[in-house]
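Read the structure below first, then the notes.
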Amino acid sequence: MSGPIIHTKKINRRQFVNRLALSGAGVGLLSYSAIRLTGWQPATNTIRVTSHNLDQKAHLIRKASAVNSPGGSPEVAIEEKVDVAIIGAGISGLTVGYHLKKSGYENFKIFEMNTSAGGNSDYFSSADGKGSWGAHYLPIIRNDDPILKKFLIDQGIIVGEKDNLPIYNEEYLCLDPHERLLVRGHWQDSLIPDYGLDSESARQISEFHKLTSEFKNKKGRDGKSVFSIPVDDSSQDPEFLKLDQMSFKEFLDQKKWNSEAIQWYANYACQDDFGTSFENTSAWAGLHYFSARNGKAANTEEQSVVTWPEGNGFLSEALQKSIKDKIQLNSSVQNIEKTAIGFKIRIQDLSIGSMKIVEARKVIYCLPRFTASYVINNATKPEAAQYYPWLIAHVAVKRNCLEKNHHLSWDTVKFLEKDLGYINNHHQYLTQDKDDVLITFYYAFTEGTAKENRTKLSTWTEATVKDFVVQHLKKYHPDIESNMASIDYRILGHGMISPSIDFLWSKRKQQLPREQNGILFAHSDMSGISIFEEAFHQGYKTFLKLKESL
């Protein structure tokens, strides 16, 4: 970038943005890039497409029943003994290991089938940059969450306190501008539709936000917050739990909030956080999305988020830092069998294809809950749980194409579209001097049943994915195809658990035990909502339970 050198370590991010504006490079980044790239023409419109799918590995768990049947696999000698075996290196499993290590306990191992840890907080990395394979931000946390707050302090995300409010690291707070929405051919800041709204639509959106704001501090008759994080801490007042028995759309319709704008916005929110539509999301969960996060900070707005180029991969790496030597990757668990002294775990080493037996005194199961019935004898299967598939695509594209008609934001979405838009993974960089930008495009397949969508996606080729991604991104930027260099994608057959109607507070979910045959279960599935905070707390609660018996 031309102009004076800015020593970024001596200024905070807000000051940095102000300096850019004063030097004509703030919103003027658009014009600067346009001038700098004038005359640029792509040498070819050939787009490299690469799959990073995990299906073959994931299906090994489904095929485990053949291994578990009598004579299904030859006996293997015990090769390893460990006191605590943690199955799955997603956020909940890493949290268990992180706190075991902090407590001074060393005799544990985490077994993960993939080549990297993190689960839905895993991330992609290439010469073009980093991007999340799932969760890409963490909202400002609730002020009544001391356990998560302590973790954020330890990681330098919360760096102090003022007037009893936390101070967040300016380097990690999402840089302005946060969001832009393409609505009726016009770009607007913020994802809440306001361009061209009639007075009735504006009234409905205002009433909706007034209600969700009131819910942020509302208590039930038991004195607990109506909507809390973790979910288990929410009020059990029947007046509010009954919201779980209707859809979020039905709730909006009953309030006569039926304008095109508010219904699209509510549906977008459900797809973004739950991977399903607002017709298939319980009203309790839909309101939880808007009202459970009520944290405040000393140096940023209430609705701010912290984010990184790799998304929540930053948090995953923080959890892993002290326990790298405890994580065994490429380790697919095939069977967990209870014995007189603990458990015998059959594990396939996917790097060489061999099988081994690990003997453990305690087992913590941290994989999605529906997988347990494939590897644990007599494990309860959550028949009511739904998991819709996702497509995540990292796209290398010319910055000039994205900035042509409006300044580039962190999050870009199109009004009334079914996709979830894209994230600018270069947004947190203090210098914006690269011609190429890595963006991440998200799509949740919510129409029809989850099984129908998985079946359809199982037939998709790299060419199918390319056409799908290109056609959707053209709706934002008509000339994007000739400005794209590569697409790296992953299809998640079971993206995240969906808080469907009458699930979160139903007997069906409550019948899923947190402990069965001596095995402890820890995963965000146990709460019914797949967010970082839930996975972290599920892991921490399980650590406390485990600690009692060690």
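Residues are named by chain letter and number: chains run A, B, ... in the order of the structure tokens, numbers start at 1 in each chain, and ligands are numbered from 1 in the order shown.
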Quiz item: What lies within 7 Å of segment 476-491 of chain A using only C-alpha atoms, ignoring chain neighbours under 4 positions off, as a ChimeraX atom specification?
Solution: /A:42,45,47-53,390-398,401-402,470
Quiz item: Can you tell me, as a PyMOL selection string, what residues are no more than 6 Å from Ile519 of chain A when counting only C-alpha atoms, ignoring any on the same chain fewer than 2 positions away?
Solution: chain A and resi 363-364+515-517
Selected residues, N, CA and C atoms, written as a compact mmCIF listing (two decimals), in the first residue's frame, please.
# COMPACT_ATOMS: atom_id res chain seq x y z
N VAL A 363 -13.96 -43.11 29.68
CA VAL A 363 -14.17 -42.69 28.30
C VAL A 363 -15.10 -41.47 28.29
N ILE A 364 -14.69 -40.43 27.57
CA ILE A 364 -15.51 -39.24 27.35
C ILE A 364 -15.84 -39.21 25.86
N GLU A 515 -24.63 -39.72 30.82
CA GLU A 515 -23.74 -40.82 31.20
C GLU A 515 -24.46 -42.12 30.96
N GLN A 516 -23.81 -43.06 30.29
CA GLN A 516 -24.42 -44.36 30.02
C GLN A 516 -23.34 -45.43 30.06
N ASN A 517 -23.58 -46.46 30.86
CA ASN A 517 -22.63 -47.55 31.01
C ASN A 517 -21.22 -47.05 31.38
Apply DSSP to the backbone of this structure and, from segment 197-378 of chain A, keep only the residues in helix (DSSP H, G or I); write these as a PDB file with C-alpha atoms, in the first residue's frame.
ATOM      1  CA  SER A 199     -43.903   1.859   7.108  1.00  0.00           C
ATOM      2  CA  GLU A 200     -45.650  -1.403   8.044  1.00  0.00           C
ATOM      3  CA  SER A 201     -42.519  -3.505   7.498  1.00  0.00           C
ATOM      4  CA  ALA A 202     -40.454  -0.997   9.485  1.00  0.00           C
ATOM      5  CA  ARG A 203     -42.986  -1.134  12.335  1.00  0.00           C
ATOM      6  CA  GLN A 204     -42.851  -4.933  12.485  1.00  0.00           C
ATOM      7  CA  ILE A 205     -39.040  -5.004  12.586  1.00  0.00           C
ATOM      8  CA  SER A 206     -39.053  -2.340  15.317  1.00  0.00           C
ATOM      9  CA  GLU A 207     -41.567  -4.296  17.427  1.00  0.00           C
ATOM     10  CA  PHE A 208     -39.596  -7.513  16.933  1.00  0.00           C
ATOM     11  CA  HIS A 209     -36.359  -5.939  18.150  1.00  0.00           C
ATOM     12  CA  LYS A 210     -38.135  -4.332  21.086  1.00  0.00           C
ATOM     13  CA  LEU A 211     -39.414  -7.748  22.197  1.00  0.00           C
ATOM     14  CA  THR A 212     -36.080  -9.532  21.768  1.00  0.00           C
ATOM     15  CA  SER A 213     -34.334  -6.706  23.661  1.00  0.00           C
ATOM     16  CA  GLU A 214     -36.792  -7.086  26.550  1.00  0.00           C
ATOM     17  CA  PHE A 215     -36.157 -10.850  26.594  1.00  0.00           C
ATOM     18  CA  VAL A 231     -28.941 -23.470  27.403  1.00  0.00           C
ATOM     19  CA  ASP A 232     -29.140 -25.641  30.531  1.00  0.00           C
ATOM     20  CA  ASP A 233     -29.078 -22.482  32.687  1.00  0.00           C
ATOM     21  CA  PRO A 238     -43.529 -23.344  31.539  1.00  0.00           C
ATOM     22  CA  GLU A 239     -44.747 -20.029  30.136  1.00  0.00           C
ATOM     23  CA  PHE A 240     -41.572 -19.782  28.077  1.00  0.00           C
ATOM     24  CA  LEU A 241     -40.736 -23.451  27.562  1.00  0.00           C
ATOM     25  CA  LYS A 242     -44.017 -23.868  25.657  1.00  0.00           C
ATOM     26  CA  LEU A 243     -42.435 -21.742  22.896  1.00  0.00           C
ATOM     27  CA  ASP A 244     -40.460 -24.870  22.017  1.00  0.00           C
ATOM     28  CA  GLN A 245     -43.685 -26.517  20.810  1.00  0.00           C
ATOM     29  CA  PHE A 248     -40.397 -19.654  14.893  1.00  0.00           C
ATOM     30  CA  LYS A 249     -42.428 -18.818  11.783  1.00  0.00           C
ATOM     31  CA  GLU A 250     -45.660 -19.669  13.609  1.00  0.00           C
ATOM     32  CA  PHE A 251     -44.610 -17.366  16.457  1.00  0.00           C
ATOM     33  CA  LEU A 252     -44.007 -14.480  14.041  1.00  0.00           C
ATOM     34  CA  ASP A 253     -47.322 -15.130  12.287  1.00  0.00           C
ATOM     35  CA  GLN A 254     -49.186 -15.091  15.603  1.00  0.00           C
ATOM     36  CA  GLU A 260     -41.330 -10.064   3.614  1.00  0.00           C
ATOM     37  CA  ALA A 261     -38.437  -8.287   5.343  1.00  0.00           C
ATOM     38  CA  ILE A 262     -38.851  -9.642   8.859  1.00  0.00           C
ATOM     39  CA  GLN A 263     -39.672 -13.178   7.743  1.00  0.00           C
ATOM     40  CA  TRP A 264     -36.603 -13.315   5.510  1.00  0.00           C
ATOM     41  CA  TYR A 265     -34.430 -11.921   8.300  1.00  0.00           C
ATOM     42  CA  ALA A 266     -35.725 -14.451  10.847  1.00  0.00           C
ATOM     43  CA  ASN A 267     -35.269 -17.310   8.397  1.00  0.00           C
ATOM     44  CA  TYR A 268     -31.745 -16.163   7.569  1.00  0.00           C
ATOM     45  CA  ALA A 269     -30.852 -16.108  11.286  1.00  0.00           C
ATOM     46  CA  CYS A 270     -32.104 -19.684  11.780  1.00  0.00           C
ATOM     47  CA  GLN A 271     -30.206 -20.976   8.769  1.00  0.00           C
ATOM     48  CA  ASP A 272     -27.057 -19.154   9.863  1.00  0.00           C
ATOM     49  CA  ASP A 273     -26.947 -20.426  13.454  1.00  0.00           C
ATOM     50  CA  PHE A 274     -28.925 -23.677  13.281  1.00  0.00           C
ATOM     51  CA  ALA A 283     -39.772 -20.499  18.500  1.00  0.00           C
ATOM     52  CA  TRP A 284     -37.801 -20.908  21.741  1.00  0.00           C
ATOM     53  CA  ALA A 285     -34.584 -21.493  19.773  1.00  0.00           C
ATOM     54  CA  GLY A 286     -35.322 -18.653  17.344  1.00  0.00           C
ATOM     55  CA  LEU A 287     -35.798 -16.183  20.192  1.00  0.00           C
ATOM     56  CA  HIS A 288     -32.732 -17.584  21.967  1.00  0.00           C
ATOM     57  CA  TYR A 289     -30.646 -16.598  18.910  1.00  0.00           C
ATOM     58  CA  PHE A 290     -31.619 -12.950  19.361  1.00  0.00           C
ATOM     59  CA  SER A 291     -31.963 -12.713  23.154  1.00  0.00           C
ATOM     60  CA  GLY A 313     -10.026 -22.001  14.491  1.00  0.00           C
ATOM     61  CA  PHE A 314      -8.185 -19.394  16.563  1.00  0.00           C
ATOM     62  CA  LEU A 315     -10.061 -20.588  19.661  1.00  0.00           C
ATOM     63  CA  SER A 316      -9.525 -24.217  18.724  1.00  0.00           C
ATOM     64  CA  GLU A 317      -5.775 -23.640  18.430  1.00  0.00           C
ATOM     65  CA  ALA A 318      -5.797 -21.903  21.824  1.00  0.00           C
ATOM     66  CA  LEU A 319      -7.394 -24.979  23.417  1.00  0.00           C
ATOM     67  CA  GLN A 320      -4.900 -27.267  21.695  1.00  0.00           C
ATOM     68  CA  LYS A 324      -0.828 -31.052  21.269  1.00  0.00           C
ATOM     69  CA  ASP A 325       1.046 -34.141  22.456  1.00  0.00           C
ATOM     70  CA  LYS A 326      -2.199 -35.619  23.810  1.00  0.00           C
ATOM     71  CA  ARG A 369     -24.540 -37.713  19.591  1.00  0.00           C
ATOM     72  CA  PHE A 370     -26.103 -39.660  16.702  1.00  0.00           C
ATOM     73  CA  THR A 371     -22.798 -41.473  16.052  1.00  0.00           C
ATOM     74  CA  ALA A 372     -22.729 -43.141  19.473  1.00  0.00           C
ATOM     75  CA  SER A 373     -25.097 -45.965  18.531  1.00  0.00           C
ATOM     76  CA  TYR A 374     -22.636 -47.129  15.851  1.00  0.00           C
ATOM     77  CA  VAL A 375     -19.701 -47.645  18.205  1.00  0.00           C
TER      78      VAL A 375
END
Self-check item: strand (DSSP E) positions in segment 324-490 of chain A, given as a ChimeraX atom specification
Solution: /A:327-328,331-338,343-349,355-365,386-398,411-414,422-424,436-444,484-490
Exercise. Write out as a PyMOL selection string each polymer residue whose atoms come within 7 Å of segment 85-94 of chain A, counting only C-alpha atoms; drop sequence neighbours fewer than 3 positions from it.
Key: chain A and resi 82+97-98+108-112+117-120+316+319-320+360+362-367+522-523+535-536+538-539
